[in-house]
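target-v7.pdb (PDB, C-alpha atoms)
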```pdb
ATOM      1  CA  MET T 657       0.000   0.000   0.000
ATOM      2  CA  PHE T 658       1.334   3.422  -0.921
ATOM      3  CA  GLU T 659       0.640   6.644   0.977
ATOM      4  CA  PHE T 660       1.710   9.938  -0.573
ATOM      5  CA  CYS T 661       2.339  13.394   0.751
ATOM      6  CA  LYS T 662       4.651  14.790  -1.916
ATOM      7  CA  ALA T 663       6.973  13.632  -4.719
ATOM      8  CA  TRP T 664      10.745  13.359  -3.983
ATOM      9  CA  TYR T 665      10.842  11.823  -0.494
ATOM     10  CA  ALA T 666       9.466   8.458   0.542
ATOM     11  CA  GLN T 667       9.051   6.470   3.695
ATOM     12  CA  VAL T 668       9.222   2.801   2.799
ATOM     13  CA  ALA T 669       8.283   0.346   5.527
ATOM     14  CA  GLY T 670       9.653   2.682   8.178
ATOM     15  CA  THR T 671      12.836   3.572   6.291
ATOM     16  CA  ARG T 672      13.160   7.176   5.105
ATOM     17  CA  ILE T 673      14.140   7.383   1.449
ATOM     18  CA  ARG T 674      14.939  10.388  -0.741
ATOM     19  CA  LEU T 675      14.418   9.736  -4.440
ATOM     20  CA  PHE T 676      17.805   9.953  -6.141
ATOM     21  CA  GLY T 677      18.688  12.427  -8.889
ATOM     22  CA  MET T 678      15.349  14.252  -9.148
ATOM     23  CA  ASP T 679      13.472  17.048  -7.432
ATOM     24  CA  ALA T 680       9.708  17.641  -7.584
ATOM     25  CA  PRO T 681       7.601  20.685  -6.643
ATOM     26  CA  GLU T 682       6.552  21.010  -3.006
ATOM     27  CA  SER T 683       2.915  20.425  -2.084
ATOM     28  CA  LYS T 684       2.392  24.137  -1.397
ATOM     29  CA  GLN T 685       4.235  25.255  -4.522
ATOM     30  CA  LEU T 686       2.340  26.891  -7.380
ATOM     31  CA  CYS T 687       3.327  26.826 -11.057
ATOM     32  CA  LYS T 688       1.745  28.597 -14.026
ATOM     33  CA  THR T 689       0.054  27.099 -17.057
ATOM     34  CA  SER T 690       0.728  28.328 -20.591
ATOM     35  CA  LYS T 691      -2.272  30.633 -20.038
ATOM     36  CA  ASP T 692      -0.579  32.153 -16.974
ATOM     37  CA  LYS T 693      -2.955  30.530 -14.472
ATOM     38  CA  ASP T 694      -1.681  29.252 -11.140
ATOM     39  CA  TYR T 695      -2.064  25.593 -10.219
ATOM     40  CA  SER T 696      -0.736  23.331  -7.456
ATOM     41  CA  CYS T 697       2.016  21.590  -9.398
ATOM     42  CA  GLY T 698       3.311  19.807  -6.298
ATOM     43  CA  VAL T 699      -0.064  18.212  -5.690
ATOM     44  CA  VAL T 700      -0.324  17.269  -9.358
ATOM     45  CA  ALA T 701       3.128  15.620  -9.241
ATOM     46  CA  GLN T 702       2.078  13.622  -6.189
ATOM     47  CA  GLU T 703      -1.133  12.464  -7.862
ATOM     48  CA  GLN T 704       0.673  11.551 -11.079
ATOM     49  CA  LEU T 705       3.197   9.400  -9.227
ATOM     50  CA  ALA T 706       0.471   7.663  -7.239
ATOM     51  CA  ALA T 707      -1.453   6.916 -10.427
ATOM     52  CA  LYS T 708       1.699   5.672 -12.179
ATOM     53  CA  ILE T 709       2.462   3.180  -9.422
ATOM     54  CA  GLY T 710      -1.097   2.038  -8.844
ATOM     55  CA  LYS T 711      -1.045  -1.319  -7.075
ATOM     56  CA  ARG T 712       2.353  -2.397  -8.368
ATOM     57  CA  LYS T 713       5.101  -3.441  -5.982
ATOM     58  CA  VAL T 714       7.958  -0.968  -5.641
ATOM     59  CA  ALA T 715      11.617  -1.803  -5.039
ATOM     60  CA  CYS T 716      14.284   0.745  -4.082
ATOM     61  CA  ASP T 717      18.025   0.520  -4.784
ATOM     62  CA  VAL T 718      19.838   2.596  -2.163
ATOM     63  CA  LYS T 719      22.755   4.686  -3.482
ATOM     64  CA  ASN T 720      23.895   6.570  -0.379
ATOM     65  CA  THR T 721      22.678   8.526   2.668
ATOM     66  CA  ASP T 722      21.975  12.272   2.769
ATOM     67  CA  GLN T 723      22.730  14.806   5.515
ATOM     68  CA  TYR T 724      19.339  14.172   7.147
ATOM     69  CA  GLY T 725      19.974  10.458   7.564
ATOM     70  CA  ARG T 726      17.687   9.404   4.721
ATOM     71  CA  SER T 727      18.674   6.686   2.307
ATOM     72  CA  VAL T 728      18.963   8.077  -1.243
ATOM     73  CA  ALA T 729      17.585   5.578  -3.740
ATOM     74  CA  VAL T 730      16.327   4.826  -7.215
ATOM     75  CA  CYS T 731      12.863   3.285  -6.895
ATOM     76  CA  SER T 732      11.207   1.202  -9.562
ATOM     77  CA  ALA T 733       7.850  -0.461 -10.205
ATOM     78  CA  ASP T 734       8.020  -3.705 -12.192
ATOM     79  CA  GLY T 735      11.522  -2.710 -13.270
ATOM     80  CA  GLU T 736      10.579   0.801 -14.469
ATOM     81  CA  ASP T 737      12.708   3.599 -13.014
ATOM     82  CA  LEU T 738      10.175   5.860 -11.253
ATOM     83  CA  ASN T 739      12.725   8.613 -10.611
ATOM     84  CA  LYS T 740      13.409   8.875 -14.346
ATOM     85  CA  TRP T 741       9.703   8.680 -15.178
ATOM     86  CA  MET T 742       8.962  11.627 -12.901
ATOM     87  CA  VAL T 743      11.515  13.732 -14.778
ATOM     88  CA  SER T 744      10.650  12.517 -18.291
ATOM     89  CA  SER T 745       6.927  13.130 -17.688
ATOM     90  CA  GLY T 746       7.574  16.703 -16.596
ATOM     91  CA  ASN T 747       6.500  16.136 -12.990
ATOM     92  CA  ALA T 748      10.010  16.722 -11.633
ATOM     93  CA  VAL T 749      13.370  18.120 -12.682
ATOM     94  CA  ALA T 750      16.844  16.609 -12.666
ATOM     95  CA  TYR T 751      18.583  17.424  -9.381
ATOM     96  CA  THR T 752      21.886  18.285 -11.034
ATOM     97  CA  GLU T 753      23.450  19.496  -7.795
ATOM     98  CA  TYR T 754      23.755  15.825  -6.841
ATOM     99  CA  SER T 755      23.490  13.815 -10.076
ATOM    100  CA  LYS T 756      23.486  14.164 -13.852
ATOM    101  CA  SER T 757      21.572  10.892 -14.354
ATOM    102  CA  TYR T 758      18.324  12.473 -15.523
ATOM    103  CA  VAL T 759      19.561  15.539 -17.398
ATOM    104  CA  GLU T 760      18.633  14.056 -20.788
ATOM    105  CA  ALA T 761      15.184  13.039 -19.504
ATOM    106  CA  GLU T 762      14.646  16.630 -18.386
ATOM    107  CA  ARG T 763      15.789  18.010 -21.750
ATOM    108  CA  GLN T 764      13.315  15.803 -23.573
ATOM    109  CA  ALA T 765      10.458  16.752 -21.247
ATOM    110  CA  GLN T 766      11.253  20.429 -21.712
ATOM    111  CA  SER T 767      11.387  20.097 -25.502
ATOM    112  CA  ALA T 768       8.017  18.332 -25.515
ATOM    113  CA  HIS T 769       6.495  20.855 -23.070
ATOM    114  CA  LYS T 770       5.438  18.080 -20.708
ATOM    115  CA  GLY T 771       4.066  18.700 -17.226
ATOM    116  CA  ILE T 772       5.531  21.773 -15.553
ATOM    117  CA  TRP T 773       7.378  22.618 -18.795
ATOM    118  CA  GLU T 774       4.016  23.406 -20.424
ATOM    119  CA  GLY T 775       4.039  26.700 -18.521
ATOM    120  CA  THR T 776       6.467  28.402 -16.136
ATOM    121  CA  PHE T 777       7.744  27.398 -12.709
ATOM    122  CA  GLU T 778      10.473  27.929 -10.165
ATOM    123  CA  ARG T 779      12.823  25.030  -9.562
ATOM    124  CA  PRO T 780      11.805  23.315  -6.307
ATOM    125  CA  SER T 781      15.207  23.852  -4.664
ATOM    126  CA  GLU T 782      14.962  27.595  -5.367
ATOM    127  CA  TRP T 783      11.329  27.712  -4.219
ATOM    128  CA  ARG T 784      12.285  26.141  -0.879
ATOM    129  CA  LYS T 785      15.016  28.735  -0.335
ATOM    130  CA  GLY T 786      12.493  31.543  -0.702
ATOM    131  CA  ASN T 787       9.681  29.857   1.197
ATOM    132  CA  LYS T 788      11.349  28.405   4.268
ATOM    133  CA  ARG T 789       8.412  29.276   6.508
ATOM    134  CA  ALA T 790       5.814  28.073   4.029
ATOM    135  CA  ALA T 791       7.633  24.874   3.153
ATOM    136  CA  PRO T 792       7.079  21.764   5.284
ATOM    137  CA  SER T 793       9.800  20.440   7.546
ATOM    138  CA  ILE T 794      12.450  18.312   5.893
ATOM    139  CA  SER T 795      11.129  15.180   7.613
ATOM    140  CA  ALA T 796       7.741  15.647   5.968
ATOM    141  CA  ALA T 797       8.945  16.818   2.587
ATOM    142  CA  THR T 798       7.646  15.065  -0.477
ATOM    143  CA  THR T 799       6.220  11.661  -1.418
ATOM    144  CA  GLN T 800       5.672   9.240   1.422
ATOM    145  CA  ALA T 801       5.217   5.661   0.387
ATOM    146  CA  VAL T 802       4.915   2.248   1.930
ATOM    147  CA  VAL T 803       5.778  -0.738  -0.224
ATOM    148  CA  SER T 804       2.799  -2.713  -1.463
ATOM    149  CA  GLY T 805       2.439  -5.916   0.505
ATOM    150  CA  ALA T 806       4.870  -4.781   3.202
ATOM    151  CA  PRO T 807       4.015  -6.076   6.694
ATOM    152  CA  PRO T 808       2.887  -3.655   9.425
ATOM    153  CA  HIS T 809       5.541  -2.381  11.827
ATOM    154  CA  PRO T 810       4.507  -3.401  15.370
ATOM    155  CA  LYS T 811       5.528  -0.958  18.094
ATOM    156  CA  GLY T 812       8.747  -2.038  19.786
ATOM    157  CA  CYS T 813       9.608  -4.593  17.105
ATOM    158  CA  ASP T 814      12.416  -2.840  15.262
ATOM    159  CA  ILE T 815      14.583  -5.695  14.002
ATOM    160  CA  LYS T 816      14.314  -6.005  10.218
ATOM    161  CA  GLY T 817      13.905  -9.527   8.823
ATOM    162  CA  ASN T 818      15.116  -9.265   5.237
ATOM    163  CA  ILE T 819      15.372 -11.871   2.459
ATOM    164  CA  ASN T 820      18.369 -11.262   0.202
ATOM    165  CA  SER T 821      18.774 -12.011  -3.498
ATOM    166  CA  LYS T 822      19.948 -15.555  -2.671
ATOM    167  CA  GLY T 823      16.841 -16.255  -0.633
ATOM    168  CA  GLU T 824      18.719 -16.112   2.677
ATOM    169  CA  LYS T 825      16.744 -14.844   5.690
ATOM    170  CA  ILE T 826      18.913 -12.259   7.425
ATOM    171  CA  TYR T 827      17.947  -9.929  10.254
ATOM    172  CA  HIS T 828      19.358  -6.459  10.898
ATOM    173  CA  VAL T 829      19.350  -4.787  14.307
ATOM    174  CA  PRO T 830      19.143  -0.989  14.845
ATOM    175  CA  GLY T 831      22.620   0.493  14.559
ATOM    176  CA  GLY T 832      23.813  -2.207  12.173
ATOM    177  CA  GLN T 833      25.714  -1.160   9.039
ATOM    178  CA  PHE T 834      22.867  -2.023   6.681
ATOM    179  CA  TYR T 835      19.926  -1.329   8.987
ATOM    180  CA  GLU T 836      18.873   2.053   7.573
ATOM    181  CA  GLN T 837      19.099   1.008   3.929
ATOM    182  CA  THR T 838      17.229  -2.269   4.450
ATOM    183  CA  VAL T 839      13.621  -2.049   3.236
ATOM    184  CA  ILE T 840      11.027  -4.526   4.481
ATOM    185  CA  GLY T 841       8.816  -5.739   1.653
ATOM    186  CA  SER T 842       6.359  -8.494   0.853
ATOM    187  CA  GLY T 843       7.273 -11.833   2.465
ATOM    188  CA  GLU T 844       9.605 -10.180   4.970
ATOM    189  CA  ARG T 845       8.867  -9.133   8.546
ATOM    190  CA  TRP T 846       9.607  -7.024  11.607
ATOM    191  CA  LEU T 847      10.976  -8.947  14.585
ATOM    192  CA  CYS T 848      10.771  -8.057  18.257
ATOM    193  CA  ASP T 849      13.992  -9.623  19.533
ATOM    194  CA  GLU T 850      16.909 -11.711  18.321
ATOM    195  CA  LYS T 851      15.692 -14.917  19.988
ATOM    196  CA  GLU T 852      12.438 -14.635  18.052
ATOM    197  CA  ALA T 853      14.417 -13.994  14.865
ATOM    198  CA  VAL T 854      16.601 -17.080  15.268
ATOM    199  CA  ALA T 855      13.618 -19.244  16.239
ATOM    200  CA  ALA T 856      11.817 -18.110  13.090
ATOM    201  CA  GLY T 857      14.742 -19.155  10.881
ATOM    202  CA  TRP T 858      16.563 -15.833  10.437
ATOM    203  CA  ARG T 859      20.302 -15.350  10.957
ATOM    204  CA  ALA T 860      22.082 -12.222  12.085
ATOM    205  CA  SER T 861      23.716  -9.933   9.549
ATOM    206  CA  ASN T 862      27.497 -10.194   9.510
ATOM    207  CA  ARG T 863      27.741  -6.417   9.784
TER     208      ARG T 863
END
```
Structure re-expressed in structure tokens:
Amino acid sequence: MFEFCKAWYAQVAGTRIRLFGMDAPESKQLCKTSKDKDYSCGVVAQEQLAAKIGKRKVACDVKNTDQYGRSVAVCSADGEDLNKWMVSSGNAVAYTEYSKSYVEAERQAQSAHKGIWEGTFERPSEWRKGNKRAAPSISAATTQAVVSGAPPHPKGCDIKGNINSKGEKIYHVPGGQFYEQTVIGSGERWLCDEKEAVAAGWRASNR
């Protein structure tokens, strides 16, 4: 199940994720159409992303961690790069301060006058600088999502039971090297303590 608040930040099964290489308008940000009329482009971007994903399962490939402790990742639905789609559809721009990955996708969207390129707008990073009071806090900024089929996170059960690409059941405890970047998805689970984890067939991460 996905829950959205904006379009460049996600919370996936309790793990904060910033979408890599792209930046989308804030929910309170206004853009202008080709007829010079204001519209809530941030809300539109959020709705477009939600509609694009639908009920598909989303997977995120973590690249690094930002200054706010969020994992920075490329997320995909059925193998389709959602970060790139947001830029190529004109619902976001390439975040060139951090990556050049989606510069060509932005150029094509601009040439085709897609999304925000149909009218005029201020780049989200610039809008946030001028609207610090109006903009939401960094922890709330942009798309929030929970992976489809992900198990609920019981209070006090913070150990992450993850299944790796080899099918091995590995658990990660808070403070572990891979804890923050581990995303709990369908078929995986939250565990309350290490004894429970071992009894359920999970082994501890080596790091």
- Hey, can you check how far CA of Tyr835 in chain T sits from CA of Arg859 in chain T?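 These two atoms are separated by 14.2 Å.
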- Message: Can you spell out as a list in words the set of residues that the PyMOL selection byres ((chain T and resi 759) around 10) selects in the structure I just provided?
- Response: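 Answer for the PyMOL selection byres ((chain T and resi 759) around 10): Gly677, Met678, Lys740, Val743, Ser744, Val749, Ala750, Tyr751, Thr752, Ser755, Lys756, Ser757, Tyr758, Glu760, Ala761, Glu762, Arg763, Gln764 and Ala765 of chain T.
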- range 685-692 of chain T surroundings by all atoms listed in the file, 6 Å radius, close-in-sequence under 3 positions cut, as a VMD selection string: chain T and resid 682 695 to 698 774 to 777
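This file, filtered with the PyMOL selection byres ((chain T and resi 706-716) around 7), gives the residues Gln702, Glu703, Gln704, Leu705, Asp717, Val718, Ala729, Val730, Cys731, Ser732, Ala733, Asp734, Val803 and Ser804 of chain T.
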- Message: So the first atom is CA of Ala701 in chain T and the second is CA of Asn747 in chain T; what is the distance between them in Å, to one decimal place?
- Response: 5.1 Å
Please write the residues picked by the PyMOL selection byres ((chain T and resi 847) around 10) on this file as a PDB file with C-alpha atoms, keeping the file's coordinate frame.
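Result saved to selection.pdb:
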```pdb
ATOM      1  CA  HIS T 809       5.541  -2.381  11.827  1.00  0.00           C
ATOM      2  CA  PRO T 810       4.507  -3.401  15.370  1.00  0.00           C
ATOM      3  CA  GLY T 812       8.747  -2.038  19.786  1.00  0.00           C
ATOM      4  CA  CYS T 813       9.608  -4.593  17.105  1.00  0.00           C
ATOM      5  CA  ASP T 814      12.416  -2.840  15.262  1.00  0.00           C
ATOM      6  CA  ILE T 815      14.583  -5.695  14.002  1.00  0.00           C
ATOM      7  CA  LYS T 816      14.314  -6.005  10.218  1.00  0.00           C
ATOM      8  CA  GLY T 817      13.905  -9.527   8.823  1.00  0.00           C
ATOM      9  CA  TYR T 827      17.947  -9.929  10.254  1.00  0.00           C
ATOM     10  CA  HIS T 828      19.358  -6.459  10.898  1.00  0.00           C
ATOM     11  CA  VAL T 829      19.350  -4.787  14.307  1.00  0.00           C
ATOM     12  CA  GLU T 844       9.605 -10.180   4.970  1.00  0.00           C
ATOM     13  CA  ARG T 845       8.867  -9.133   8.546  1.00  0.00           C
ATOM     14  CA  TRP T 846       9.607  -7.024  11.607  1.00  0.00           C
ATOM     15  CA  CYS T 848      10.771  -8.057  18.257  1.00  0.00           C
ATOM     16  CA  ASP T 849      13.992  -9.623  19.533  1.00  0.00           C
ATOM     17  CA  GLU T 850      16.909 -11.711  18.321  1.00  0.00           C
ATOM     18  CA  LYS T 851      15.692 -14.917  19.988  1.00  0.00           C
ATOM     19  CA  GLU T 852      12.438 -14.635  18.052  1.00  0.00           C
ATOM     20  CA  ALA T 853      14.417 -13.994  14.865  1.00  0.00           C
ATOM     21  CA  VAL T 854      16.601 -17.080  15.268  1.00  0.00           C
ATOM     22  CA  ALA T 856      11.817 -18.110  13.090  1.00  0.00           C
ATOM     23  CA  TRP T 858      16.563 -15.833  10.437  1.00  0.00           C
TER      24      TRP T 858
END
```
- Task: Using CA of Phe834 in chain T and CA of Arg863 in chain T as the two end points, give the distance in Å to one decimal.
- Result: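 CA of Phe834 in chain T sits 7.3 Å away from CA of Arg863 in chain T.
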Mind rebuilding range 743-754 of chain T with all heavy atoms and writing that out as an mmCIF file, keeping the file's coordinate frame?
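File rebuild-v5.cif, as written:
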```
data_model
loop_
_atom_site.group_PDB
_atom_site.id
_atom_site.type_symbol
_atom_site.label_atom_id
_atom_site.label_comp_id
_atom_site.auth_asym_id
_atom_site.auth_seq_id
_atom_site.Cartn_x
_atom_site.Cartn_y
_atom_site.Cartn_z
ATOM 1 N N VAL T 743 10.846 12.662 -14.030
ATOM 2 C CA VAL T 743 11.515 13.732 -14.778
ATOM 3 C C VAL T 743 11.056 13.742 -16.234
ATOM 4 O O VAL T 743 10.723 14.793 -16.793
ATOM 5 C CB VAL T 743 13.052 13.575 -14.702
ATOM 6 C CG1 VAL T 743 13.746 14.655 -15.536
ATOM 7 C CG2 VAL T 743 13.522 13.651 -13.252
ATOM 8 N N SER T 744 11.010 12.588 -16.865
ATOM 9 C CA SER T 744 10.650 12.517 -18.291
ATOM 10 C C SER T 744 9.193 12.901 -18.544
ATOM 11 O O SER T 744 8.847 13.326 -19.642
ATOM 12 C CB SER T 744 10.921 11.114 -18.845
ATOM 13 O OG SER T 744 10.099 10.156 -18.207
ATOM 14 N N SER T 745 8.336 12.767 -17.532
ATOM 15 C CA SER T 745 6.927 13.130 -17.688
ATOM 16 C C SER T 745 6.672 14.595 -17.345
ATOM 17 O O SER T 745 5.545 15.085 -17.467
ATOM 18 C CB SER T 745 6.046 12.243 -16.790
ATOM 19 O OG SER T 745 6.366 12.438 -15.419
ATOM 20 N N GLY T 746 7.722 15.294 -16.915
ATOM 21 C CA GLY T 746 7.574 16.703 -16.596
ATOM 22 C C GLY T 746 6.969 16.958 -15.226
ATOM 23 O O GLY T 746 6.519 18.067 -14.941
ATOM 24 N N ASN T 747 7.011 15.961 -14.349
ATOM 25 C CA ASN T 747 6.500 16.136 -12.990
ATOM 26 C C ASN T 747 7.610 16.445 -11.995
ATOM 27 O O ASN T 747 7.347 16.689 -10.819
ATOM 28 C CB ASN T 747 5.764 14.864 -12.548
ATOM 29 C CG ASN T 747 4.419 14.720 -13.237
ATOM 30 O OD1 ASN T 747 3.537 15.549 -13.067
ATOM 31 N ND2 ASN T 747 4.272 13.673 -14.041
ATOM 32 N N ALA T 748 8.841 16.425 -12.465
ATOM 33 C CA ALA T 748 10.010 16.722 -11.633
ATOM 34 C C ALA T 748 11.136 17.193 -12.538
ATOM 35 O O ALA T 748 11.038 17.111 -13.769
ATOM 36 C CB ALA T 748 10.438 15.481 -10.850
ATOM 37 N N VAL T 749 12.194 17.687 -11.923
ATOM 38 C CA VAL T 749 13.370 18.120 -12.682
ATOM 39 C C VAL T 749 14.577 17.300 -12.230
ATOM 40 O O VAL T 749 14.559 16.684 -11.157
ATOM 41 C CB VAL T 749 13.668 19.623 -12.470
ATOM 42 C CG1 VAL T 749 12.532 20.471 -13.024
ATOM 43 C CG2 VAL T 749 13.903 19.928 -10.993
ATOM 44 N N ALA T 750 15.601 17.284 -13.050
ATOM 45 C CA ALA T 750 16.844 16.609 -12.666
ATOM 46 C C ALA T 750 17.493 17.416 -11.548
ATOM 47 O O ALA T 750 17.569 18.646 -11.616
ATOM 48 C CB ALA T 750 17.780 16.524 -13.869
ATOM 49 N N TYR T 751 17.940 16.733 -10.503
ATOM 50 C CA TYR T 751 18.583 17.424 -9.381
ATOM 51 C C TYR T 751 20.083 17.419 -9.641
ATOM 52 O O TYR T 751 20.835 16.644 -9.078
ATOM 53 C CB TYR T 751 18.248 16.698 -8.084
ATOM 54 C CG TYR T 751 18.199 17.596 -6.857
ATOM 55 C CD1 TYR T 751 17.686 17.132 -5.653
ATOM 56 C CD2 TYR T 751 18.682 18.908 -6.892
ATOM 57 C CE1 TYR T 751 17.620 17.937 -4.530
ATOM 58 C CE2 TYR T 751 18.628 19.727 -5.783
ATOM 59 C CZ TYR T 751 18.101 19.230 -4.589
ATOM 60 O OH TYR T 751 18.041 20.042 -3.481
ATOM 61 N N THR T 752 20.515 18.309 -10.532
ATOM 62 C CA THR T 752 21.886 18.285 -11.034
ATOM 63 C C THR T 752 22.935 18.635 -9.985
ATOM 64 O O THR T 752 24.122 18.389 -10.193
ATOM 65 C CB THR T 752 22.020 19.247 -12.223
ATOM 66 O OG1 THR T 752 21.585 20.564 -11.833
ATOM 67 C CG2 THR T 752 21.172 18.775 -13.397
ATOM 68 N N GLU T 753 22.507 19.195 -8.870
ATOM 69 C CA GLU T 753 23.450 19.496 -7.795
ATOM 70 C C GLU T 753 24.064 18.202 -7.253
ATOM 71 O O GLU T 753 25.173 18.193 -6.741
ATOM 72 C CB GLU T 753 22.743 20.240 -6.672
ATOM 73 C CG GLU T 753 23.653 20.643 -5.522
ATOM 74 C CD GLU T 753 22.926 21.427 -4.440
ATOM 75 O OE1 GLU T 753 21.771 21.836 -4.676
ATOM 76 O OE2 GLU T 753 23.516 21.613 -3.372
ATOM 77 N N TYR T 754 23.311 17.102 -7.396
ATOM 78 C CA TYR T 754 23.755 15.825 -6.841
ATOM 79 C C TYR T 754 23.970 14.732 -7.891
ATOM 80 O O TYR T 754 24.674 13.766 -7.632
ATOM 81 C CB TYR T 754 22.746 15.328 -5.804
ATOM 82 C CG TYR T 754 22.589 16.276 -4.640
ATOM 83 C CD1 TYR T 754 21.496 17.129 -4.566
ATOM 84 C CD2 TYR T 754 23.547 16.335 -3.637
ATOM 85 C CE1 TYR T 754 21.354 18.018 -3.501
ATOM 86 C CE2 TYR T 754 23.419 17.211 -2.578
ATOM 87 C CZ TYR T 754 22.324 18.053 -2.514
ATOM 88 O OH TYR T 754 22.191 18.931 -1.471
#
```
